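The next block holds one structure in the form of structure tokens; read it before the comments.
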Amino acid sequence: MDSFRLITTYSPWLLLVCLAAGLLYAWLLYSKRTPWPKSVNYMLAGLRFVVVSFLCFLLLGPLVRYVANTTVEPTIVFAVDNSRSVSLFSDSVQLQQAEQGLQALREKLQSEGYKTEVRTLAEQSPQDVTAIQYAAETSNLSQLLSEVQDDYTGQNLAGVVLLSDGIVNQGISPTYANYNFTIYPVAVGDTVPKKDVLVASLRYNKVNYSGSRFPLEVELQQEGFGGTQATVALQENGKTIDRKTVTLNPDQPVQQVPFQVLAGGLGKRHYEVQVQPLQGEFTTLNNTKHAYIDVVKGKIKVLIAAAAPHPDISALRTAIETNENYETELYIPGLNTLKKQDYDVAVLHQLPRRGAGGEDALNLVRQKNLPALYILGPQSDLDAYNRLNVGLNINASGQTDEVTAVASGNFTTFKLPEAASEQLEQYPPARVPYGEVRIAPNTEVVLYQQVGQVRTTKPLLAVQTAGDKRNATLLASGTWQWRITEAANNEQPAVYNELITNLIQLLSAPRNKKRLNVYPTQEEYTSSDEIRFNAEAYNEALEPIYGQNITLSVTGEDEETKRFNFANGENQSGVNIGTLPGGRYTYTASASINGQQQQDKGEFVVEELQLEALNAVADHNLLFQLASNTNSKLYYPAQLQQLEQDLLGADHKDVIYSAEELQELVDLKWLFFLILGLMCVEWFVRKYNGSY
């Protein structure tokens, strides 16, 4: 029952003062001769006494404690493991018996005053146990029970009835968690091992270089087929490209079958590994697994050409090669020969130089139109550099200046490391040409020069972003000291390494001039994931525009195409195309932007999980442990009558929750209308009886 209580924290003498004030006010107003009878006068004086005394009392700030009581009935949650393994490997009659028994138990509990709810592994759960579809592709019992615990905190959760086969293939084992409610497991499934051979897992590199061979290792698992020969086939696009026959070792339930696969072509590739069915095998659902790889062009080749040996060269090469997708080739005139290779990007240290040397490297960069990082130093020919028109024009006096680096807040093409600003302050000063530096309109500044405590507008590192390629210029040599300093302080020079590799990645990446960019939010999905696409549209100035009508076509390996229409928005809402079965998919998107038809295309992979078909043996030991941990016991479908007696015999009580709230009495609105009403009554009686 709800209750009110008035709280005062002051002396009783103050109450007497309030009463005295009301009495004095009433005496002064009604002690004189009046035109109405004494009885009316006494009533009016009483009204004025009450109103004034109460107003004075409110000035003291009294509080009201409000206690609200809420009665919550005990709740029993029916948590059902609706994964595919339950329906695949449980006796159908036994499972139906369990469903009907649990639904009857639920109705019985409701008639006894219990609240009940059905929960499954899916986000949306039916309200009838017999209507559950066993379609979940993973079994994560820990997440199911943890969500129940979180959602029913403070709600009188009496217990959870868990219907499951005990198989867990995702998340941690629920036996490791501590639950503050009793779990009543109901076990289904078969604990007897079945004769089976299956592909347990595949091991392979998801990214491989075109033209190379990569290992694909099959983990073959068997039960009851020791001494039998099994054939494992490797297929691509339905065509067998390799096949191996192995003898299953009776003393070795798991053995490896290696393949060497040629990565041909570029893009996503789909391989299927299948073990041929054997006579007497319990199920063939787990005989197949899929591998999806991304075949890419070989490593990005970086030419590092220098006017002369310098400590910077070692620092640059080490930083670049921290990314395993990059390889460097060094060229120093007079020390080695320039190899004629297909380079992707060049790093030119103090080239062009004063005097002869390095012309062949500059010519190669010019002929191949290579993006380049120019590092200036004492040997640099600044006039020759200016003629290259790579973003900066330097008019130097021949002197140098010592500066430190400070990050530009306006450069967004790539993000500097989180610790960059702090780390840049710790780097030792670098020597740069002293003079005027003019920045071309198509050039962005990454780092500015700072002299002492004064930040200048002169660039220290700038990137040219015009045309089909990019160039960058670092106006300081000797940055090897930056790397050494950072390594001495932090063990790993992460900021220096990431700055250099980000530059190389930016320079080597082709300039994106597409006006329509449509892409999936992930490169790989599972068959249970919802697939979402985002879209970006640009006008002729490559400025983002919104509200464009986009048509998206998604085609699977079976050549079936699905089409979707949506509009791009500022919040990147994109389009959700739902779930897709496993396989490699290509997509094409088109839109009319300012009257011109624009198109984009790409591909993505959906991986078939097949986790539920791997294990046909129920794990009732896990369910038994869950029951023991919560002082319960394990039940079977034939024992649901006993479960009902145990639940009702536990005599769970209603729980009363009390919520207390303190409020100032003056904030109660009804008091205002009460006082106003009393004053109106006084005024009306006075006027009615001839008051002036």
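Starting from 1 in every chain, residues are counted up; chains themselves are A, B, ... following the order of the structure tokens, and ligands are numbered from 1 as listed.
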
Checklist entry - Which polymer residues have any atom within 12 Å of an atom of Asn205 of chain A, counting only C-alpha atoms, with same-chain residues fewer than 4 positions away left out, as an NGL selection string? => result :A and (209 or 213-217 or 260-261 or 263 or 291-295)

So that each row is one residue of segment 239-341 of chain A with an atom at most 9 Å from segment 581-594 of chain A, can you give its shortest atom pair and the distance in Å to one decimal, using only C-alpha atoms, rows by chain and rising number, as JSON lines?
```
{"residue": "A:Lys268", "atom": "CA", "partner": "A:Arg584", "partner_atom": "CA", "distance": 7.1}
{"residue": "A:Arg269", "atom": "CA", "partner": "A:Arg584", "partner_atom": "CA", "distance": 7.4}
{"residue": "A:His270", "atom": "CA", "partner": "A:Arg584", "partner_atom": "CA", "distance": 6.5}
{"residue": "A:His290", "atom": "CA", "partner": "A:Gly583", "partner_atom": "CA", "distance": 8.4}
{"residue": "A:Tyr292", "atom": "CA", "partner": "A:Arg584", "partner_atom": "CA", "distance": 7.9}
```

Identify, with DSSP run on backbone atoms, the residues in segment 376-464 of chain A assigned to helix (DSSP H, G or I), and express the list as a CSV table (one decimal) with all heavy atoms, in the first residue's frame.
```
chain,number,residue,atom,x,y,z
A,382,LEU,N,67.0,22.3,-55.1
A,382,LEU,CA,65.6,22.8,-54.9
A,382,LEU,C,65.1,23.4,-56.2
A,382,LEU,O,63.8,23.3,-56.4
A,382,LEU,CB,65.6,23.9,-53.8
A,382,LEU,CG,66.0,23.4,-52.4
A,382,LEU,CD1,65.9,24.5,-51.3
A,382,LEU,CD2,65.1,22.2,-52.0
A,383,ASP,N,65.9,24.0,-57.0
A,383,ASP,CA,65.4,24.5,-58.3
A,383,ASP,C,64.9,23.4,-59.2
A,383,ASP,O,63.8,23.5,-59.8
A,383,ASP,CB,66.5,25.3,-59.0
A,383,ASP,CG,66.9,26.5,-58.3
A,383,ASP,OD1,66.0,27.1,-57.6
A,383,ASP,OD2,68.1,27.0,-58.5
A,384,ALA,N,65.6,22.3,-59.2
A,384,ALA,CA,65.1,21.1,-60.0
A,384,ALA,C,63.9,20.5,-59.4
A,384,ALA,O,63.0,20.1,-60.1
A,384,ALA,CB,66.2,20.0,-60.1
A,385,TYR,N,63.8,20.5,-58.0
A,385,TYR,CA,62.6,20.0,-57.4
A,385,TYR,C,61.4,20.9,-57.7
A,385,TYR,O,60.3,20.4,-58.0
A,385,TYR,CB,62.8,20.0,-55.8
A,385,TYR,CG,61.5,19.9,-55.1
A,385,TYR,CD1,60.9,18.6,-54.9
A,385,TYR,CD2,60.9,21.0,-54.5
A,385,TYR,CE1,59.7,18.5,-54.2
A,385,TYR,CE2,59.7,20.9,-53.9
A,385,TYR,CZ,59.1,19.6,-53.7
A,385,TYR,OH,57.9,19.5,-53.0
A,386,ASN,N,61.6,22.3,-57.7
A,386,ASN,CA,60.5,23.2,-58.0
A,386,ASN,C,59.9,22.9,-59.4
A,386,ASN,O,58.7,23.0,-59.7
A,386,ASN,CB,60.9,24.6,-57.9
A,386,ASN,CG,61.2,25.0,-56.4
A,386,ASN,OD1,60.6,24.4,-55.5
A,386,ASN,ND2,62.0,26.0,-56.2
A,387,ARG,N,60.8,22.5,-60.4
A,387,ARG,CA,60.4,22.3,-61.8
A,387,ARG,C,59.5,21.1,-61.9
A,387,ARG,O,58.9,20.9,-62.9
A,387,ARG,CB,61.6,22.2,-62.7
A,387,ARG,CG,62.3,23.6,-62.9
A,387,ARG,CD,63.3,23.5,-64.0
A,387,ARG,NE,64.4,22.6,-63.8
A,387,ARG,CZ,65.5,23.0,-63.2
A,387,ARG,NH1,65.7,24.3,-62.8
A,387,ARG,NH2,66.5,22.1,-63.0
A,420,ALA,N,49.8,10.7,-31.9
A,420,ALA,CA,50.7,11.5,-32.8
A,420,ALA,C,51.1,12.8,-32.2
A,420,ALA,O,52.2,13.2,-32.2
A,420,ALA,CB,50.1,11.6,-34.2
A,421,SER,N,50.1,13.6,-31.8
A,421,SER,CA,50.3,14.9,-31.3
A,421,SER,C,51.3,15.0,-30.1
A,421,SER,O,52.2,15.8,-30.1
A,421,SER,CB,49.0,15.6,-30.9
A,421,SER,OG,48.1,15.7,-32.0
A,422,GLU,N,51.1,14.1,-29.2
A,422,GLU,CA,52.0,14.0,-28.0
A,422,GLU,C,53.4,13.6,-28.5
A,422,GLU,O,54.4,14.1,-28.0
A,422,GLU,CB,51.4,13.1,-27.0
A,422,GLU,CG,52.3,12.9,-25.8
A,422,GLU,CD,51.7,11.9,-24.8
A,422,GLU,OE1,50.5,11.6,-24.9
A,422,GLU,OE2,52.4,11.5,-23.8
A,423,GLN,N,53.5,12.6,-29.4
A,423,GLN,CA,54.8,12.0,-29.8
A,423,GLN,C,55.6,13.0,-30.6
A,423,GLN,O,56.8,13.1,-30.5
A,423,GLN,CB,54.6,10.7,-30.6
A,423,GLN,CG,55.8,10.0,-30.9
A,423,GLN,CD,56.6,9.6,-29.6
A,423,GLN,OE1,56.0,9.0,-28.7
A,423,GLN,NE2,57.8,10.0,-29.5
A,424,LEU,N,54.9,13.8,-31.5
A,424,LEU,CA,55.5,14.8,-32.3
A,424,LEU,C,56.3,15.8,-31.5
A,424,LEU,O,57.4,16.3,-31.8
A,424,LEU,CB,54.5,15.5,-33.2
A,424,LEU,CG,54.0,14.6,-34.4
A,424,LEU,CD1,52.8,15.4,-35.1
A,424,LEU,CD2,55.0,14.2,-35.4
A,425,GLU,N,55.7,16.2,-30.3
A,425,GLU,CA,56.4,17.1,-29.4
A,425,GLU,C,57.7,16.6,-28.9
A,425,GLU,O,58.6,17.4,-28.5
A,425,GLU,CB,55.4,17.5,-28.3
A,425,GLU,CG,54.2,18.2,-28.7
A,425,GLU,CD,53.2,18.5,-27.6
A,425,GLU,OE1,53.6,18.1,-26.4
A,425,GLU,OE2,52.2,19.1,-27.8
A,426,GLN,N,57.8,15.3,-28.8
A,426,GLN,CA,59.0,14.7,-28.2
A,426,GLN,C,60.1,14.4,-29.2
A,426,GLN,O,61.2,14.1,-28.9
A,426,GLN,CB,58.6,13.4,-27.5
A,426,GLN,CG,57.6,13.5,-26.4
A,426,GLN,CD,57.2,12.2,-25.8
A,426,GLN,OE1,57.8,11.2,-26.0
A,426,GLN,NE2,56.1,12.2,-25.0
```

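Proximity ranking of A:Gly547, A:Gly377, A:Pro352, A:Pro277 relative to Leu198 of chain A places A:Pro277 first, based on only C-alpha atoms.
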
Next on the checklist: Among segment 410-564 of chain A, which residues does DSSP mark as strand (DSSP E or B) when it is run on the backbone? Keep the chain and numbering as in the structure and answer as a ChimeraX atom specification.
Outcome noted: /A:430-439,443-451,454-464,471-474,477,516-520,524-526,531-538,544-545,549-555,561-564

Checklist entry - Can you list, as a PyMOL selection string, every protein, DNA or RNA residue that comes within 12 Å of Val232 of chain A when you count only C-alpha atoms, leaving out same-chain residues fewer than 5 positions away? => result chain A and resi 197-199+217-221+240-248+256-259+272-278+287-289

So that I have them on file, write out the residues from the current selection with N, CA and C atoms, as a PDB file, in the first residue's frame.
```pdb
ATOM      1  N   VAL A 197      31.713 -39.471 -40.553  1.00  0.00           N
ATOM      2  CA  VAL A 197      32.960 -38.856 -41.009  1.00  0.00           C
ATOM      3  C   VAL A 197      32.603 -37.452 -41.463  1.00  0.00           C
ATOM      4  N   LEU A 198      33.399 -36.488 -41.071  1.00  0.00           N
ATOM      5  CA  LEU A 198      33.035 -35.098 -41.333  1.00  0.00           C
ATOM      6  C   LEU A 198      34.269 -34.237 -41.533  1.00  0.00           C
ATOM      7  N   VAL A 199      34.058 -33.092 -42.204  1.00  0.00           N
ATOM      8  CA  VAL A 199      35.095 -32.072 -42.351  1.00  0.00           C
ATOM      9  C   VAL A 199      34.937 -31.126 -41.158  1.00  0.00           C
ATOM     10  N   GLU A 217      44.542 -26.761 -45.585  1.00  0.00           N
ATOM     11  CA  GLU A 217      44.615 -27.971 -44.772  1.00  0.00           C
ATOM     12  C   GLU A 217      43.229 -28.348 -44.270  1.00  0.00           C
ATOM     13  N   VAL A 218      42.835 -29.595 -44.568  1.00  0.00           N
ATOM     14  CA  VAL A 218      41.527 -30.106 -44.173  1.00  0.00           C
ATOM     15  C   VAL A 218      41.685 -30.928 -42.891  1.00  0.00           C
ATOM     16  N   GLU A 219      40.861 -30.628 -41.898  1.00  0.00           N
ATOM     17  CA  GLU A 219      40.844 -31.416 -40.670  1.00  0.00           C
ATOM     18  C   GLU A 219      39.681 -32.402 -40.764  1.00  0.00           C
ATOM     19  N   LEU A 220      40.031 -33.686 -40.940  1.00  0.00           N
ATOM     20  CA  LEU A 220      39.047 -34.742 -41.136  1.00  0.00           C
ATOM     21  C   LEU A 220      38.821 -35.471 -39.814  1.00  0.00           C
ATOM     22  N   GLN A 221      37.556 -35.630 -39.446  1.00  0.00           N
ATOM     23  CA  GLN A 221      37.214 -36.273 -38.173  1.00  0.00           C
ATOM     24  C   GLN A 221      36.306 -37.471 -38.448  1.00  0.00           C
ATOM     25  N   THR A 240      36.104 -30.416 -59.950  1.00  0.00           N
ATOM     26  CA  THR A 240      37.110 -30.963 -59.040  1.00  0.00           C
ATOM     27  C   THR A 240      38.502 -30.610 -59.540  1.00  0.00           C
ATOM     28  N   ILE A 241      39.285 -29.918 -58.703  1.00  0.00           N
ATOM     29  CA  ILE A 241      40.639 -29.525 -59.093  1.00  0.00           C
ATOM     30  C   ILE A 241      41.699 -30.365 -58.388  1.00  0.00           C
ATOM     31  N   ASP A 242      41.320 -31.105 -57.362  1.00  0.00           N
ATOM     32  CA  ASP A 242      42.256 -32.009 -56.699  1.00  0.00           C
ATOM     33  C   ASP A 242      41.448 -33.020 -55.891  1.00  0.00           C
ATOM     34  N   ARG A 243      42.044 -34.179 -55.662  1.00  0.00           N
ATOM     35  CA  ARG A 243      41.359 -35.242 -54.950  1.00  0.00           C
ATOM     36  C   ARG A 243      42.405 -36.073 -54.210  1.00  0.00           C
ATOM     37  N   LYS A 244      42.097 -36.468 -52.965  1.00  0.00           N
ATOM     38  CA  LYS A 244      43.016 -37.299 -52.195  1.00  0.00           C
ATOM     39  C   LYS A 244      42.243 -38.403 -51.486  1.00  0.00           C
ATOM     40  N   THR A 245      42.830 -39.606 -51.464  1.00  0.00           N
ATOM     41  CA  THR A 245      42.249 -40.737 -50.747  1.00  0.00           C
ATOM     42  C   THR A 245      43.124 -41.040 -49.543  1.00  0.00           C
ATOM     43  N   VAL A 246      42.513 -41.079 -48.371  1.00  0.00           N
ATOM     44  CA  VAL A 246      43.260 -41.295 -47.130  1.00  0.00           C
ATOM     45  C   VAL A 246      42.647 -42.474 -46.394  1.00  0.00           C
ATOM     46  N   THR A 247      43.469 -43.153 -45.628  1.00  0.00           N
ATOM     47  CA  THR A 247      42.999 -44.237 -44.763  1.00  0.00           C
ATOM     48  C   THR A 247      42.765 -43.678 -43.377  1.00  0.00           C
ATOM     49  N   LEU A 248      41.536 -43.833 -42.882  1.00  0.00           N
ATOM     50  CA  LEU A 248      41.178 -43.295 -41.573  1.00  0.00           C
ATOM     51  C   LEU A 248      41.802 -44.145 -40.482  1.00  0.00           C
ATOM     52  N   GLN A 256      44.891 -34.764 -40.570  1.00  0.00           N
ATOM     53  CA  GLN A 256      45.006 -33.647 -41.495  1.00  0.00           C
ATOM     54  C   GLN A 256      45.167 -34.158 -42.922  1.00  0.00           C
ATOM     55  N   VAL A 257      44.518 -33.459 -43.864  1.00  0.00           N
ATOM     56  CA  VAL A 257      44.645 -33.755 -45.291  1.00  0.00           C
ATOM     57  C   VAL A 257      45.066 -32.453 -45.978  1.00  0.00           C
ATOM     58  N   PRO A 258      46.342 -32.324 -46.407  1.00  0.00           N
ATOM     59  CA  PRO A 258      46.809 -31.057 -46.980  1.00  0.00           C
ATOM     60  C   PRO A 258      46.595 -30.987 -48.497  1.00  0.00           C
ATOM     61  N   PHE A 259      46.284 -29.768 -48.968  1.00  0.00           N
ATOM     62  CA  PHE A 259      46.205 -29.471 -50.400  1.00  0.00           C
ATOM     63  C   PHE A 259      47.086 -28.258 -50.676  1.00  0.00           C
ATOM     64  N   GLU A 272      35.294 -25.518 -52.453  1.00  0.00           N
ATOM     65  CA  GLU A 272      34.452 -26.423 -51.685  1.00  0.00           C
ATOM     66  C   GLU A 272      35.216 -27.716 -51.417  1.00  0.00           C
ATOM     67  N   VAL A 273      35.292 -28.103 -50.149  1.00  0.00           N
ATOM     68  CA  VAL A 273      35.949 -29.345 -49.755  1.00  0.00           C
ATOM     69  C   VAL A 273      34.867 -30.334 -49.340  1.00  0.00           C
ATOM     70  N   GLN A 274      34.916 -31.535 -49.923  1.00  0.00           N
ATOM     71  CA  GLN A 274      33.873 -32.525 -49.655  1.00  0.00           C
ATOM     72  C   GLN A 274      34.497 -33.894 -49.452  1.00  0.00           C
ATOM     73  N   VAL A 275      34.097 -34.564 -48.366  1.00  0.00           N
ATOM     74  CA  VAL A 275      34.482 -35.956 -48.156  1.00  0.00           C
ATOM     75  C   VAL A 275      33.324 -36.824 -48.649  1.00  0.00           C
ATOM     76  N   GLN A 276      33.637 -37.762 -49.529  1.00  0.00           N
ATOM     77  CA  GLN A 276      32.601 -38.583 -50.134  1.00  0.00           C
ATOM     78  C   GLN A 276      31.889 -39.406 -49.062  1.00  0.00           C
ATOM     79  N   PRO A 277      30.538 -39.504 -49.118  1.00  0.00           N
ATOM     80  CA  PRO A 277      29.785 -40.265 -48.103  1.00  0.00           C
ATOM     81  C   PRO A 277      30.222 -41.727 -48.049  1.00  0.00           C
ATOM     82  N   LEU A 278      30.236 -42.278 -46.837  1.00  0.00           N
ATOM     83  CA  LEU A 278      30.610 -43.677 -46.615  1.00  0.00           C
ATOM     84  C   LEU A 278      29.370 -44.489 -46.246  1.00  0.00           C
ATOM     85  N   ASN A 287      29.576 -33.235 -44.252  1.00  0.00           N
ATOM     86  CA  ASN A 287      30.642 -33.732 -45.123  1.00  0.00           C
ATOM     87  C   ASN A 287      31.264 -32.646 -45.986  1.00  0.00           C
ATOM     88  N   THR A 288      30.749 -31.430 -45.932  1.00  0.00           N
ATOM     89  CA  THR A 288      31.199 -30.367 -46.836  1.00  0.00           C
ATOM     90  C   THR A 288      31.541 -29.115 -46.046  1.00  0.00           C
ATOM     91  N   LYS A 289      32.606 -28.453 -46.473  1.00  0.00           N
ATOM     92  CA  LYS A 289      32.950 -27.130 -45.940  1.00  0.00           C
ATOM     93  C   LYS A 289      33.435 -26.257 -47.084  1.00  0.00           C
TER      94      LYS A 289
END
```

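Around Arg515 of chain A, within 8 Å and counting only C-alpha atoms, the residues found are Glu536, Ala537, Tyr538, Asn539, Glu540, Leu542 and Gln598 of chain A, once anything fewer than 3 positions away on its own chain is removed.
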
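Nearest residue to Glu530 of chain A, choosing from A:Ala346, A:Ile500, A:Leu580, A:Ala230 and counting only C-alpha atoms: A:Leu580.
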
So that each row is one residue of segment 485-518 of chain A with an atom at most 12 Å from segment 445-460 of chain A, can you give its shortest atom pair and the distance in Å to one decimal, using only C-alpha atoms, rows by chain and rising number, as a tab-separated table?
```
residue	atom	partner	partner_atom	distance
A:Leu499	CA	A:Val446	CA	10.0
A:Ile500	CA	A:Val446	CA	11.9
A:Asn502	CA	A:Val446	CA	11.5
A:Leu503	CA	A:Val446	CA	10.0
```

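Atom CA of Leu611 of chain A is found 8.6 Å from atom CA of Ser139 of chain A.
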
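Take the candidates A:Leu15, A:Ile132, A:Leu362, A:Val192 and check each one against Ala616 of chain A using only C-alpha atoms; the shortest distance goes to A:Val192.
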
Checklist entry - Counting only C-alpha atoms, what is within 8 Å of Ala187 of chain A, bar same-chain residues fewer than 5 positions away, as a VMD selection string? => result chain A and resid 163 to 166 620 623 634 to 637

Next on the checklist: I want to know what sits within 10 Å of Phe54 of chain A, based on only C-alpha atoms, with residues of the same chain fewer than 2 positions away left out; could you give that as a PyMOL selection string?
Outcome noted: chain A and resi 15+18-19+21-22+48-52+56-59+675

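Counting from atom CA of Gln96 of chain A, the distance to atom CA of Ala627 of chain A is 22.8 Å.
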
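The neighbours of segment 661-672 of chain A here are the residues that come within 6 Å of it, using only C-alpha atoms and leaving out any residue fewer than 5 positions away in the same chain; they are Pro62, Leu63, Val64, Arg65 and Tyr66 of chain A.
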
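Checking A:Gly101, A:Gly226, A:Pro37, A:Pro309 one by one against Gln641 of chain A, counting only C-alpha atoms, you find the shortest gap at A:Gly101.
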
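Counting only C-alpha atoms, the residue from A:Gly298, A:Gly649, A:Pro378, A:Pro493 that sits nearest to Asp401 of chain A is A:Pro378.
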
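Counting only C-alpha atoms, the residue from A:Asn393, A:Val148, A:Glu402, A:Gln597 that sits nearest to Tyr434 of chain A is A:Glu402.
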